[in-house]
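Trainee: File follows, upload_22.csv with CSV, C-alpha atoms:
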```csv
chain,number,residue,atom,x,y,z
A,1,MET,CA,73.1,129.2,109.8
A,2,THR,CA,72.7,131.3,106.7
A,3,GLU,CA,75.9,130.1,105.1
A,4,ASP,CA,76.1,128.4,101.8
A,5,LEU,CA,76.4,124.6,102.0
A,6,VAL,CA,79.8,123.4,100.5
A,7,VAL,CA,79.3,120.0,99.0
A,8,THR,CA,82.4,119.7,96.8
A,9,ARG,CA,84.9,122.1,95.4
A,10,THR,CA,82.7,122.6,92.3
A,11,LEU,CA,79.3,122.3,94.0
A,12,VAL,CA,78.1,124.9,96.5
A,13,VAL,CA,74.4,125.1,97.4
A,14,PRO,CA,73.4,128.7,98.2
A,15,ALA,CA,71.7,129.2,101.6
A,16,ALA,CA,68.6,130.6,99.8
A,17,GLU,CA,68.0,127.2,98.2
A,18,LEU,CA,67.8,125.4,101.5
A,19,SER,CA,64.7,125.4,103.6
A,20,GLU,CA,64.5,124.5,107.3
A,21,ARG,CA,61.5,123.4,109.3
A,22,PHE,CA,61.5,123.0,113.0
A,23,SER,CA,59.3,120.8,115.2
A,24,ARG,CA,59.2,119.1,118.6
A,25,SER,CA,61.7,116.3,118.9
A,26,SER,CA,61.0,113.0,120.7
A,27,GLY,CA,63.5,111.7,123.2
A,28,PRO,CA,65.4,113.3,126.1
A,29,GLY,CA,65.1,116.9,126.9
A,30,GLY,CA,63.8,117.4,130.4
A,31,GLN,CA,61.2,120.0,131.1
A,32,GLY,CA,61.8,121.7,127.8
A,33,VAL,CA,61.0,118.6,125.7
A,34,ASN,CA,57.4,119.7,125.0
A,35,THR,CA,58.2,123.3,124.3
A,36,ALA,CA,61.4,123.5,122.4
A,37,ASP,CA,61.4,122.9,118.6
A,38,SER,CA,64.7,121.2,118.4
A,39,ARG,CA,64.0,118.7,115.5
A,40,VAL,CA,65.2,120.0,112.2
A,41,GLU,CA,64.0,119.1,108.6
A,42,LEU,CA,66.4,120.5,106.0
A,43,SER,CA,65.1,120.4,102.4
A,44,PHE,CA,66.8,121.0,99.1
A,45,ASP,CA,65.0,121.1,95.7
A,46,LEU,CA,67.5,119.1,93.6
A,47,VAL,CA,65.4,119.1,90.4
A,48,GLY,CA,64.7,122.8,90.4
A,49,SER,CA,68.1,124.0,91.7
A,50,PRO,CA,70.0,126.4,89.4
A,51,SER,CA,73.2,125.8,91.3
A,52,VAL,CA,73.6,122.2,90.3
A,53,PRO,CA,75.0,121.8,86.7
A,54,GLY,CA,72.8,119.9,84.3
A,55,TRP,CA,75.3,117.1,83.6
A,56,LEU,CA,75.6,116.5,87.4
A,57,ARG,CA,71.9,116.8,88.1
A,58,GLY,CA,71.0,113.7,86.0
A,59,ARG,CA,73.5,111.6,87.9
A,60,MET,CA,72.4,112.8,91.3
A,61,ILE,CA,68.7,112.4,90.5
A,62,ALA,CA,69.3,108.8,89.3
A,63,ARG,CA,71.2,107.9,92.5
A,64,LEU,CA,68.8,109.6,94.8
A,65,GLU,CA,65.5,108.8,93.1
A,66,LYS,CA,64.2,106.7,96.1
A,67,ARG,CA,64.9,109.6,98.5
A,68,LEU,CA,63.3,112.4,96.5
A,69,VAL,CA,59.7,113.5,96.9
A,70,ASP,CA,58.6,115.7,94.0
A,71,GLY,CA,62.3,116.4,93.3
A,72,VAL,CA,63.0,117.6,96.9
A,73,LEU,CA,65.6,115.9,99.1
A,74,THR,CA,64.7,116.2,102.9
A,75,VAL,CA,67.1,115.3,105.8
A,76,VAL,CA,65.9,115.1,109.4
A,77,ALA,CA,68.1,115.5,112.5
A,78,SER,CA,66.8,115.1,116.0
A,79,GLU,CA,69.6,113.3,117.8
A,80,HIS,CA,70.7,116.4,119.9
A,81,ARG,CA,68.8,118.3,122.5
A,82,ALA,CA,69.8,121.7,121.1
A,83,GLN,CA,68.3,123.0,117.9
A,84,LEU,CA,71.6,124.5,116.8
A,85,GLN,CA,73.4,121.2,117.0
A,86,ASN,CA,70.6,119.5,115.0
A,87,ARG,CA,70.8,122.2,112.4
A,88,ALA,CA,74.6,121.5,112.0
A,89,ALA,CA,74.0,117.7,111.9
A,90,ALA,CA,71.3,118.1,109.2
A,91,ARG,CA,73.5,120.3,107.1
A,92,GLU,CA,76.4,117.8,107.4
A,93,ARG,CA,74.2,114.9,106.6
A,94,LEU,CA,72.7,116.7,103.5
A,95,ALA,CA,76.2,117.6,102.3
A,96,ARG,CA,77.4,113.9,102.7
A,97,ILE,CA,74.4,112.6,100.8
A,98,LEU,CA,74.9,115.1,97.9
A,99,ARG,CA,78.6,114.4,97.9
A,100,GLU,CA,78.1,110.7,97.5
A,101,ALA,CA,75.4,111.2,94.8
A,102,ALA,CA,77.7,113.6,92.9
A,103,ALA,CA,80.8,111.3,93.0
A,104,ALA,CA,82.1,110.0,89.7
A,105,PRO,CA,81.1,106.4,88.9
A,106,PRO,CA,83.8,103.8,89.6
A,107,PRO,CA,85.9,102.7,86.6
A,108,VAL,CA,84.4,99.8,84.6
A,109,ARG,CA,86.1,96.5,85.3
A,110,ARG,CA,87.6,94.9,82.2
A,111,ALA,CA,87.4,91.1,82.2
A,112,THR,CA,90.8,89.4,81.7
A,113,LYS,CA,91.8,85.8,81.0
A,114,PRO,CA,93.6,83.9,83.8
A,115,THR,CA,97.3,83.6,83.1
A,116,LYS,CA,98.8,80.3,82.0
A,117,GLY,CA,100.7,80.0,85.3
A,118,SER,CA,97.6,80.5,87.4
A,119,GLN,CA,95.7,77.9,85.5
A,120,GLU,CA,98.6,75.4,85.9
A,121,ARG,CA,98.8,76.2,89.7
A,122,ARG,CA,95.0,75.7,90.0
A,123,ILE,CA,95.1,72.3,88.3
A,124,ALA,CA,98.2,71.2,90.3
A,125,GLU,CA,96.4,72.1,93.6
A,126,LYS,CA,93.3,70.2,92.5
A,127,LYS,CA,95.4,67.1,91.7
A,128,ARG,CA,97.2,67.4,95.1
A,129,ARG,CA,93.9,67.7,96.9
A,130,ALA,CA,92.5,64.7,95.1
A,131,ARG,CA,95.5,62.6,96.0
A,132,THR,CA,95.1,63.6,99.7
A,133,LYS,CA,91.4,62.6,99.7
A,134,GLN,CA,92.1,59.4,97.8
A,135,GLY,CA,94.6,58.5,100.5
A,136,ARG,CA,91.9,58.8,103.1
A,137,ARG,CA,89.7,56.3,101.4
A,138,GLY,CA,89.7,52.9,103.0
A,139,ASP,CA,88.8,49.6,101.2
A,140,GLY,CA,85.4,49.7,103.0
A,141,GLY,CA,85.8,46.4,104.8
A,142,TRP,CA,85.7,47.2,108.5
A,143,ASP,CA,84.4,43.9,109.8
```
Using the file provided, produce a representation of the structure as structure tokens.
Mentor:
Amino acid sequence: MTEDLVVTRTLVVPAAELSERFSRSSGPGGQGVNTADSRVELSFDLVGSPSVPGWLRGRMIARLEKRLVDGVLTVVASEHRAQLQNRAAARERLARILREAAAAPPPVRRATKPTKGSQERRIAEKKRRARTKQGRRGDGGWD
């Protein structure tokens, strides 16, 4: 898996900037569970990466600040028994995380006044509801 990681059309992380580490995975695996290094840790240095534009780096760091350790984002995959499948899962997870962090912020909501008609409908409904409840009231003398 020495291909570049395509995050968006404008952001591609070169394979040289990704580092993989392998270790033994917990969980199912049969006889090979104690010998096969199928767990994958995929790391990407977001702060020091020259492939991320400066204007985008600030947004991504702000959104991922709780996940970064010394500016490095690490993703772990160990759900599959095969190392190759875990490598693909880790790359996909890293791409999704970076894609979400790079997404443009949602448009700011502008507060608007309620329309005259909606205010009148609200008051009319309140009055109708009050009449309904008032009709349920008894005179209290149940002797």
Trainee: Just the number, please: distance in Å from atom CA of Pro107 of chain A to atom CA of Ser49 of chain A, one decimal.
Mentor: 28.2 Å
Trainee: Using all atoms listed in the file, which residues sit within 8 Å of Ala102 of chain A once same-chain residues fewer than 3 positions away are excluded, as a ChimeraX atom specification?
Mentor: /A:56,59-60,98-99
Trainee: What is the distance, in Å and to one decimal place, between atom CA of Val6 of chain A and atom CA of Arg81 of chain A?
Mentor: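 Separation between atom CA of Val6 of chain A and atom CA of Arg81 of chain A: 25.1 Å.
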Trainee: Could you check the closest approach to Ser19 of chain A for each of A:Val76, A:Ala124, A:Ala82, A:Ala130 and tell me which residue wins, using all atoms listed in the file?
Mentor: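 Closest candidate: A:Val76.
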Trainee: Which is closest to Ala77 of chain A among A:Ala104, A:Ser25, A:Asp45, A:Val40, if we use all atoms listed in the file?
Mentor: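 Closest residue, counting all atoms listed in the file: A:Val40.
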Trainee: From the set A:Leu46, A:Val7, A:Leu84, A:Ala36, which residue has the shortest atom-to-atom contact distance to Arg67 of chain A, counting only C-alpha atoms?
Mentor: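 Smallest separation from Arg67 of chain A among the options: A:Leu46.
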Trainee: State, in Å with one decimal place, the distance from atom CA of Ser43 of chain A to atom CA of Gln83 of chain A.
Mentor: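 About the pair atom CA of Ser43 of chain A and atom CA of Gln83 of chain A: they are 16.0 Å apart.
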Trainee: For Glu41 of chain A, which of A:Ser78, A:Thr10, A:Thr112, A:Gln85 is the closest residue, counting all atoms listed in the file?
Mentor: A:Ser78
Trainee: Counting all atoms listed in the file, figure out which residue out of A:Arg24, A:Ala101, A:Phe44, A:Lys116 gets nearest to Glu65 of chain A.
Mentor: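 Among the listed residues, A:Ala101 lies closest to Glu65 of chain A.
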